[in-house]
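Only one structure is covered here, and it is reproduced in the block below.
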Amino acid sequence: MQPFLDKAVEAARAAEAIIRRYYHGDFEVEHKADASPVTIADIECERAIKAVLSEAFPAHGFQGEELGREQADADYVWLIDPIDGTKSFVRGYPFFSTQIALRYRGELIVGVSNAPLFNGGEMACAAKGLGATLNGEPIQTSNIDTLAKTSLSLGNIASLAASPAWASVGELIGAVHRIRGYGDFYHYHLLASGRIDAILESDLNILDIAALTVILREAGGDITELGGDEIDLPTRSVFATNGRLRDAIAPYVANWDEARDAPKD
């Protein structure tokens, strides 16, 4: 696993150099069919990531946010979101990250989440069996095991609020110690390093959370879709905990139905 992880970190650093060059710069913003923004920085970052990984692992495939799929039926496939949080990047605040994950025959085995301009820089890394780190230091989830002590973060809640599950989530909000809405990469970094205890999130895709899934699991946490299914390519929602709170929180999201409630492309 270590060679895969090392190259993923190298690829993330290559993207970081491009991000630093364009951040707060003068660049055009285009919009994709779903109205989400894309910039030259997104595209150059993904090309740089692919160049590093392709040179090291020519038989591997890719699924990228901007450049699409290549050899996607290979045993090893890299999942790439070069700038997850392009809206933040465009607006000039540092709440964005580069997400790089490796999937082997359907299993996520490597993850790198790099937020180069947030809080002086945060890079979380993990590979199956090797544990998780944040800025090079080992991390693990919290030992909180009761709702009364739980800090819960909610992300992208518009579709959740429109679902029949929302009333139950409202009850959960009243049962936990603290509610936050950190969103994007940040609440996963917080959860993996023991600073919050659970996350509920909707309206995302696998490229947003593939790397973070590996990191969280290696830090001792658990993560599924809100409906309880395993994280996989069609994933659109997340129910993640420190590994101790799933049974306590699960009844509050029991009404979520992925087929009915998840955002549609």
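Each chain in the structure tokens gets a letter, A, B, ..., in the order shown, and its residues are numbered from 1; ligands are numbered from 1 in order too.
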Neighbouring residues of Arg180 of chain A were defined as those with any atom within 10 Å, considering only C-alpha atoms; residues of the same chain fewer than 3 positions away were excluded. Please report them as a short mmCIF file (atom, residue, chain, number, x, y, z; two decimals) with all heavy atoms, in the first residue's frame.
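Result written to around-v4.cif:
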```cif
data_model
loop_
_atom_site.label_atom_id
_atom_site.label_comp_id
_atom_site.auth_asym_id
_atom_site.auth_seq_id
_atom_site.Cartn_x
_atom_site.Cartn_y
_atom_site.Cartn_z
N SER A 151 -20.95 15.69 19.37
CA SER A 151 -20.92 16.83 18.46
C SER A 151 -21.20 16.30 17.06
O SER A 151 -20.45 15.48 16.53
CB SER A 151 -19.55 17.52 18.50
OG SER A 151 -19.36 18.17 19.73
N LEU A 152 -22.29 16.77 16.46
CA LEU A 152 -22.77 16.29 15.17
C LEU A 152 -22.66 17.40 14.14
O LEU A 152 -23.09 18.53 14.39
CB LEU A 152 -24.23 15.85 15.30
CG LEU A 152 -24.99 15.53 14.01
CD1 LEU A 152 -24.43 14.28 13.35
CD2 LEU A 152 -26.48 15.37 14.31
N SER A 153 -22.10 17.09 12.99
CA SER A 153 -22.01 18.06 11.90
C SER A 153 -22.95 17.64 10.76
O SER A 153 -22.99 16.46 10.38
CB SER A 153 -20.58 18.15 11.38
OG SER A 153 -20.46 19.14 10.37
N LEU A 154 -23.69 18.61 10.24
CA LEU A 154 -24.60 18.38 9.11
C LEU A 154 -24.06 19.06 7.87
O LEU A 154 -23.57 20.19 7.93
CB LEU A 154 -25.99 18.94 9.43
CG LEU A 154 -26.67 18.41 10.69
CD1 LEU A 154 -28.01 19.13 10.90
CD2 LEU A 154 -26.89 16.92 10.62
N GLY A 155 -24.16 18.39 6.73
CA GLY A 155 -23.68 18.96 5.49
C GLY A 155 -24.68 18.82 4.36
O GLY A 155 -25.37 17.80 4.27
N GLY A 183 -19.01 20.96 6.92
CA GLY A 183 -19.11 20.70 5.49
C GLY A 183 -17.80 20.34 4.81
O GLY A 183 -16.72 20.41 5.38
N HIS A 187 -15.29 18.61 7.98
CA HIS A 187 -15.85 17.83 9.08
C HIS A 187 -15.37 16.38 9.07
O HIS A 187 -15.37 15.73 10.12
CB HIS A 187 -17.37 17.98 9.21
CG HIS A 187 -18.22 17.67 8.05
ND1 HIS A 187 -19.58 17.91 8.07
CD2 HIS A 187 -17.96 17.16 6.84
CE1 HIS A 187 -20.12 17.56 6.93
NE2 HIS A 187 -19.17 17.10 6.17
N ILE A 196 -14.89 15.99 16.38
CA ILE A 196 -16.34 15.85 16.39
C ILE A 196 -16.62 14.35 16.35
O ILE A 196 -15.69 13.53 16.24
CB ILE A 196 -17.03 16.60 15.24
CG1 ILE A 196 -16.64 16.00 13.89
CG2 ILE A 196 -16.74 18.09 15.30
CD1 ILE A 196 -17.45 16.55 12.73
N ILE A 199 -21.37 12.63 11.47
CA ILE A 199 -21.71 13.47 10.32
C ILE A 199 -22.93 12.88 9.63
O ILE A 199 -23.00 11.67 9.40
CB ILE A 199 -20.56 13.54 9.30
CG1 ILE A 199 -19.31 14.20 9.90
CG2 ILE A 199 -20.99 14.27 8.03
CD1 ILE A 199 -18.07 14.02 9.04
#
```
Would you mind listing what lies within 10 Å of Glu218 of chain A as a PDB file with N, CA, C and O atoms, in the first residue's frame, with only C-alpha atoms counted and same-chain residues fewer than 6 positions away left out?
```pdb
ATOM      1  N   ILE A 109      -9.031   1.724  -1.022  1.00  0.00           N
ATOM      2  CA  ILE A 109      -7.866   1.275  -0.258  1.00  0.00           C
ATOM      3  C   ILE A 109      -6.866   2.380   0.058  1.00  0.00           C
ATOM      4  O   ILE A 109      -6.011   2.197   0.938  1.00  0.00           O
ATOM      5  N   VAL A 110      -6.928   3.511  -0.621  1.00  0.00           N
ATOM      6  CA  VAL A 110      -5.996   4.629  -0.382  1.00  0.00           C
ATOM      7  C   VAL A 110      -6.780   5.929  -0.454  1.00  0.00           C
ATOM      8  O   VAL A 110      -7.679   6.061  -1.303  1.00  0.00           O
ATOM      9  N   GLY A 111      -6.453   6.867   0.416  1.00  0.00           N
ATOM     10  CA  GLY A 111      -7.104   8.167   0.367  1.00  0.00           C
ATOM     11  C   GLY A 111      -6.181   9.291   0.786  1.00  0.00           C
ATOM     12  O   GLY A 111      -5.466   9.172   1.783  1.00  0.00           O
ATOM     13  N   CYS A 125      -4.192  11.592   5.253  1.00  0.00           N
ATOM     14  CA  CYS A 125      -3.798  10.468   4.401  1.00  0.00           C
ATOM     15  C   CYS A 125      -4.116   9.150   5.079  1.00  0.00           C
ATOM     16  O   CYS A 125      -4.071   9.053   6.313  1.00  0.00           O
ATOM     17  N   ALA A 126      -4.368   8.129   4.273  1.00  0.00           N
ATOM     18  CA  ALA A 126      -4.575   6.794   4.820  1.00  0.00           C
ATOM     19  C   ALA A 126      -4.451   5.762   3.715  1.00  0.00           C
ATOM     20  O   ALA A 126      -4.687   6.054   2.537  1.00  0.00           O
ATOM     21  N   ALA A 127      -4.103   4.558   4.115  1.00  0.00           N
ATOM     22  CA  ALA A 127      -4.142   3.403   3.234  1.00  0.00           C
ATOM     23  C   ALA A 127      -4.565   2.204   4.069  1.00  0.00           C
ATOM     24  O   ALA A 127      -4.299   2.150   5.282  1.00  0.00           O
ATOM     25  N   LYS A 128      -5.217   1.266   3.448  1.00  0.00           N
ATOM     26  CA  LYS A 128      -5.750   0.113   4.160  1.00  0.00           C
ATOM     27  C   LYS A 128      -4.654  -0.586   4.960  1.00  0.00           C
ATOM     28  O   LYS A 128      -3.612  -0.959   4.418  1.00  0.00           O
ATOM     29  N   GLY A 129      -4.880  -0.709   6.257  1.00  0.00           N
ATOM     30  CA  GLY A 129      -3.941  -1.389   7.130  1.00  0.00           C
ATOM     31  C   GLY A 129      -2.803  -0.549   7.648  1.00  0.00           C
ATOM     32  O   GLY A 129      -2.032  -1.000   8.491  1.00  0.00           O
ATOM     33  N   LEU A 130      -2.705   0.708   7.182  1.00  0.00           N
ATOM     34  CA  LEU A 130      -1.583   1.563   7.584  1.00  0.00           C
ATOM     35  C   LEU A 130      -1.993   2.674   8.541  1.00  0.00           C
ATOM     36  O   LEU A 130      -1.137   3.439   8.987  1.00  0.00           O
ATOM     37  N   GLY A 131      -3.283   2.781   8.858  1.00  0.00           N
ATOM     38  CA  GLY A 131      -3.729   3.858   9.730  1.00  0.00           C
ATOM     39  C   GLY A 131      -3.902   5.154   8.970  1.00  0.00           C
ATOM     40  O   GLY A 131      -3.712   5.230   7.759  1.00  0.00           O
ATOM     41  N   ALA A 132      -4.273   6.193   9.712  1.00  0.00           N
ATOM     42  CA  ALA A 132      -4.536   7.510   9.126  1.00  0.00           C
ATOM     43  C   ALA A 132      -3.682   8.562   9.805  1.00  0.00           C
ATOM     44  O   ALA A 132      -3.366   8.455  10.995  1.00  0.00           O
ATOM     45  N   THR A 133      -3.333   9.599   9.044  1.00  0.00           N
ATOM     46  CA  THR A 133      -2.543  10.709   9.585  1.00  0.00           C
ATOM     47  C   THR A 133      -3.141  12.029   9.158  1.00  0.00           C
ATOM     48  O   THR A 133      -3.843  12.120   8.146  1.00  0.00           O
ATOM     49  N   ILE A 139      -3.805   9.846  13.634  1.00  0.00           N
ATOM     50  CA  ILE A 139      -5.072  10.325  14.166  1.00  0.00           C
ATOM     51  C   ILE A 139      -6.000   9.150  14.429  1.00  0.00           C
ATOM     52  O   ILE A 139      -5.874   8.083  13.821  1.00  0.00           O
ATOM     53  N   GLN A 140      -6.949   9.384  15.341  1.00  0.00           N
ATOM     54  CA  GLN A 140      -8.000   8.410  15.583  1.00  0.00           C
ATOM     55  C   GLN A 140      -9.266   9.118  16.026  1.00  0.00           C
ATOM     56  O   GLN A 140      -9.226  10.263  16.491  1.00  0.00           O
ATOM     57  N   THR A 141     -10.382   8.433  15.884  1.00  0.00           N
ATOM     58  CA  THR A 141     -11.665   9.015  16.235  1.00  0.00           C
ATOM     59  C   THR A 141     -11.824   9.106  17.756  1.00  0.00           C
ATOM     60  O   THR A 141     -11.049   8.522  18.517  1.00  0.00           O
ATOM     61  N   ALA A 192     -12.284  12.266  11.849  1.00  0.00           N
ATOM     62  CA  ALA A 192     -11.190  11.290  11.870  1.00  0.00           C
ATOM     63  C   ALA A 192     -10.174  11.575  12.953  1.00  0.00           C
ATOM     64  O   ALA A 192      -9.507  10.655  13.448  1.00  0.00           O
ATOM     65  N   LEU A 212     -11.886  10.374   1.768  1.00  0.00           N
ATOM     66  CA  LEU A 212     -12.250  10.607   3.156  1.00  0.00           C
ATOM     67  C   LEU A 212     -12.799   9.342   3.808  1.00  0.00           C
ATOM     68  O   LEU A 212     -12.650   9.135   5.015  1.00  0.00           O
TER      69      LEU A 212
END
```
Could you please write out, as an NGL selection string, every residue of segment 76-195 of chain A that DSSP assigns to strand (DSSP E or B)? :A and (76-84 or 97-104 or 107-115 or 122-127 or 131-134 or 137-138 or 151-155 or 178-180)
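Between Phe57 of chain A and the residues A:Glu28, A:Ala15, A:Ala8, A:Asp81, the shortest atom-to-atom distance, using only C-alpha atoms, involves A:Ala8.
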Which residues are near segment 251-260 of chain A? Cut-off 10 Å, only C-alpha atoms, ignore same chain within fewer than 6 positions. Put them as a compact mmCIF listing (two decimals) with N, CA and C atoms, in the first residue's frame.
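around.txt written:
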```txt
# COMPACT_ATOMS: atom_id res chain seq x y z
N LEU A 160 -32.00 16.58 2.57
CA LEU A 160 -32.40 15.93 3.82
C LEU A 160 -33.59 16.64 4.45
N SER A 163 -36.93 15.68 2.96
CA SER A 163 -37.33 14.28 3.03
C SER A 163 -38.14 13.99 4.30
N PRO A 164 -38.86 12.87 4.33
CA PRO A 164 -39.58 12.48 5.55
C PRO A 164 -38.66 12.21 6.73
N ALA A 165 -37.36 12.07 6.48
CA ALA A 165 -36.41 11.83 7.57
C ALA A 165 -36.15 13.08 8.40
N TRP A 166 -36.52 14.25 7.87
CA TRP A 166 -36.11 15.50 8.51
C TRP A 166 -36.70 15.65 9.91
N ALA A 167 -37.92 15.23 10.11
CA ALA A 167 -38.53 15.35 11.45
C ALA A 167 -37.72 14.56 12.48
N SER A 168 -37.27 13.38 12.09
CA SER A 168 -36.47 12.57 13.01
C SER A 168 -35.10 13.19 13.26
N VAL A 169 -34.52 13.78 12.21
CA VAL A 169 -33.24 14.46 12.39
C VAL A 169 -33.41 15.64 13.35
N GLY A 170 -34.55 16.30 13.27
CA GLY A 170 -34.83 17.37 14.21
C GLY A 170 -34.82 16.87 15.66
N GLU A 171 -35.35 15.68 15.87
CA GLU A 171 -35.31 15.09 17.21
C GLU A 171 -33.87 14.79 17.62
N LEU A 172 -33.08 14.32 16.66
CA LEU A 172 -31.67 14.05 16.94
C LEU A 172 -30.94 15.32 17.34
N ILE A 173 -31.22 16.41 16.66
CA ILE A 173 -30.59 17.70 16.98
C ILE A 173 -30.84 18.07 18.43
N LEU A 200 -23.86 13.74 9.27
CA LEU A 200 -24.93 13.41 8.33
C LEU A 200 -24.82 14.38 7.17
N SER A 202 -25.97 15.01 2.79
CA SER A 202 -26.62 14.60 1.55
C SER A 202 -26.05 15.43 0.40
N GLU A 225 -23.88 5.11 3.45
CA GLU A 225 -24.89 6.05 3.01
C GLU A 225 -25.89 6.27 4.16
N LEU A 226 -26.67 7.33 4.06
CA LEU A 226 -27.68 7.59 5.09
C LEU A 226 -28.63 6.40 5.23
N GLY A 227 -28.94 5.75 4.13
CA GLY A 227 -29.83 4.59 4.18
C GLY A 227 -29.17 3.33 4.69
N GLY A 228 -27.86 3.37 4.94
CA GLY A 228 -27.16 2.22 5.49
C GLY A 228 -26.36 1.42 4.49
N ASP A 229 -26.53 1.67 3.18
CA ASP A 229 -25.78 0.93 2.18
C ASP A 229 -24.31 1.34 2.19
N THR A 235 -23.01 6.50 -4.63
CA THR A 235 -23.31 7.14 -3.34
C THR A 235 -23.65 8.62 -3.49
N ARG A 236 -24.72 9.05 -2.78
CA ARG A 236 -25.14 10.45 -2.79
C ARG A 236 -25.31 11.03 -1.39
N SER A 237 -25.10 10.21 -0.34
CA SER A 237 -25.28 10.70 1.02
C SER A 237 -24.34 9.97 1.96
N PHE A 239 -23.64 8.84 6.25
CA PHE A 239 -23.89 8.70 7.68
C PHE A 239 -22.59 8.15 8.26
```
Near His189 of chain A, within 9 Å and counting only C-alpha atoms, which residues show up once chain neighbours fewer than 2 positions away are dropped, as a PDB file with C-alpha atoms, in the first residue's frame?
```
ATOM      1  CA  SER A 113      -7.378  14.766   1.259  1.00  0.00           C
ATOM      2  CA  GLU A 122      -4.164  20.260   6.118  1.00  0.00           C
ATOM      3  CA  MET A 123      -3.338  16.947   4.489  1.00  0.00           C
ATOM      4  CA  ALA A 124      -5.047  13.799   5.735  1.00  0.00           C
ATOM      5  CA  LEU A 134      -3.173  14.447   9.579  1.00  0.00           C
ATOM      6  CA  PHE A 185     -13.515  17.984   3.656  1.00  0.00           C
ATOM      7  CA  TYR A 186     -13.328  19.711   7.013  1.00  0.00           C
ATOM      8  CA  HIS A 187     -15.846  17.830   9.081  1.00  0.00           C
ATOM      9  CA  LEU A 191     -14.253  13.366  12.757  1.00  0.00           C
ATOM     10  CA  ALA A 192     -11.190  11.290  11.870  1.00  0.00           C
ATOM     11  CA  SER A 193      -9.047  13.195  14.367  1.00  0.00           C
ATOM     12  CA  GLY A 194     -11.503  12.967  17.266  1.00  0.00           C
ATOM     13  CA  ARG A 195     -12.724  16.565  17.363  1.00  0.00           C
ATOM     14  CA  LEU A 212     -12.250  10.607   3.156  1.00  0.00           C
ATOM     15  CA  ILE A 215      -9.156   8.067   6.074  1.00  0.00           C
ATOM     16  CA  LEU A 216     -12.105   7.790   8.424  1.00  0.00           C
TER      17      LEU A 216
END
```
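Restricting the calculation to only C-alpha atoms, the smallest distance between Arg21 of chain A and any of A:Asn242, A:Lys50, A:Glu44, A:Val77 is found for A:Glu44.
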Within 9 Å of Glu70 of chain A, counting only C-alpha atoms, which residues show up once you throw out same-chain ones fewer than 5 positions away? Write them as a list in words, please.
His60, Gly61, Phe62, Gln63, Gly64 and Val77 of chain A
Store the residues picked out above in a file with all heavy atoms, as a compact mmCIF listing (two decimals), in the first residue's frame.
```
# COMPACT_ATOMS: atom_id res chain seq x y z
N HIS A 60 -3.24 1.48 -14.44
CA HIS A 60 -4.37 1.90 -13.62
C HIS A 60 -5.35 2.76 -14.41
O HIS A 60 -4.98 3.45 -15.35
CB HIS A 60 -3.87 2.71 -12.42
CG HIS A 60 -3.17 1.88 -11.39
ND1 HIS A 60 -2.92 2.33 -10.10
CD2 HIS A 60 -2.69 0.62 -11.44
CE1 HIS A 60 -2.28 1.39 -9.42
NE2 HIS A 60 -2.13 0.35 -10.21
N GLY A 61 -6.61 2.72 -13.98
CA GLY A 61 -7.64 3.53 -14.59
C GLY A 61 -7.92 4.79 -13.78
O GLY A 61 -7.37 4.99 -12.69
N PHE A 62 -8.81 5.63 -14.32
CA PHE A 62 -9.13 6.91 -13.68
C PHE A 62 -10.61 7.22 -13.81
O PHE A 62 -11.24 6.92 -14.82
CB PHE A 62 -8.33 8.06 -14.31
CG PHE A 62 -6.85 7.96 -14.11
CD1 PHE A 62 -6.05 7.30 -15.04
CD2 PHE A 62 -6.26 8.49 -12.97
CE1 PHE A 62 -4.68 7.19 -14.84
CE2 PHE A 62 -4.90 8.38 -12.77
CZ PHE A 62 -4.11 7.74 -13.70
N GLN A 63 -11.14 7.86 -12.78
CA GLN A 63 -12.44 8.52 -12.84
C GLN A 63 -12.26 9.88 -12.20
O GLN A 63 -12.02 9.99 -11.00
CB GLN A 63 -13.51 7.71 -12.10
CG GLN A 63 -14.88 8.38 -12.15
CD GLN A 63 -15.97 7.55 -11.51
OE1 GLN A 63 -15.86 6.32 -11.44
NE2 GLN A 63 -17.02 8.19 -11.04
N GLY A 64 -12.34 10.92 -13.03
CA GLY A 64 -12.07 12.27 -12.56
C GLY A 64 -13.26 13.19 -12.70
O GLY A 64 -14.12 12.98 -13.57
N VAL A 77 -8.41 1.66 -9.92
CA VAL A 77 -8.96 2.89 -10.51
C VAL A 77 -8.79 4.03 -9.51
O VAL A 77 -9.22 3.92 -8.35
CB VAL A 77 -10.44 2.74 -10.89
CG1 VAL A 77 -10.99 4.06 -11.44
CG2 VAL A 77 -10.63 1.62 -11.92
```
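Candidate residues A:Ala240, A:Ile100, A:Leu204, A:Leu117 were compared for distance to Ser159 of chain A, and the nearest is A:Leu204, using only C-alpha atoms.
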Next on the checklist: Just list as a list of chain:residue names whatever in segment 209-264 of chain A DSSP marks as helix (DSSP H, G or I).
Outcome noted: A:Ile209, A:Ala210, A:Ala211, A:Leu212, A:Thr213, A:Val214, A:Ile215, A:Leu216, A:Arg217, A:Glu218, A:Arg246, A:Asp247, A:Ala248, A:Ile249, A:Ala250, A:Pro251, A:Tyr252, A:Val253, A:Glu258, A:Ala259, A:Arg260, A:Asp261
* To do: For Arg20 of chain A, list every protein, DNA or RNA residue within 10 Å, evaluated using only C-alpha atoms, and leave out those in the same chain fewer than 3 positions away; present the list as a list in words.
  =>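 Residues meeting the cut-off are Ala15, Glu16, Ala17, Tyr23, His24, Gly25, Ala41, Pro116 and Leu117 of chain A.
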May I have the residues from that selection written out with N, CA and C atoms, as a compact mmCIF listing (two decimals), in the first residue's frame?
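Written out: result_20.txt:
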```txt
# COMPACT_ATOMS: atom_id res chain seq x y z
N ALA A 15 -0.82 19.07 -7.59
CA ALA A 15 -2.03 19.88 -7.73
C ALA A 15 -1.95 21.13 -6.85
N GLU A 16 -1.38 20.98 -5.67
CA GLU A 16 -1.26 22.11 -4.75
C GLU A 16 -0.47 23.26 -5.38
N ALA A 17 0.61 22.94 -6.10
CA ALA A 17 1.41 23.98 -6.73
C ALA A 17 0.58 24.78 -7.73
N TYR A 23 -4.80 30.76 -7.14
CA TYR A 23 -5.65 31.26 -6.07
C TYR A 23 -5.56 32.78 -5.97
N HIS A 24 -6.71 33.41 -5.90
CA HIS A 24 -6.82 34.87 -5.90
C HIS A 24 -6.30 35.49 -7.19
N GLY A 25 -6.19 34.69 -8.23
CA GLY A 25 -5.73 35.20 -9.51
C GLY A 25 -6.88 35.56 -10.44
N ALA A 41 -7.90 26.02 -13.37
CA ALA A 41 -7.16 25.41 -12.26
C ALA A 41 -7.65 23.98 -12.01
N PRO A 116 -4.71 22.75 0.92
CA PRO A 116 -3.41 23.42 1.06
C PRO A 116 -3.46 24.82 1.64
N LEU A 117 -4.59 25.50 1.51
CA LEU A 117 -4.66 26.89 1.94
C LEU A 117 -5.57 27.09 3.15
```
From the list A:Phe4, A:Asn135, A:Val52, A:Ala175, the nearest residue to Tyr76 of chain A using only C-alpha atoms is A:Phe4
Separating atom CA of Pro94 of chain A from atom CA of Asp232 of chain A, to the nearest tenth of an Å, is a gap of 27.8 Å
Check your understanding: Arg47 of chain A: which residues within 9 Å, counting only C-alpha atoms, same-chain residues fewer than 4 positions away excluded, as a ChimeraX atom specification?
Key -> /A:15,42-43,51-52,67,82
Ala14 of chain A proximity check over A:Gly121, A:Glu65, A:Ala56, A:Thr98, using only C-alpha atoms: winner is A:Thr98
Of A:Gly174, A:Gly243, A:Gly68, A:Gly136, the one sitting nearest Ala219 of chain A when using only C-alpha atoms is A:Gly243
Could you tell me how far atom CA of Arg103 of chain A lies from atom CA of Ile209 of chain A, in Å and to one decimal?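 Result for atom CA of Arg103 of chain A versus atom CA of Ile209 of chain A: 12.4 Å, one decimal.
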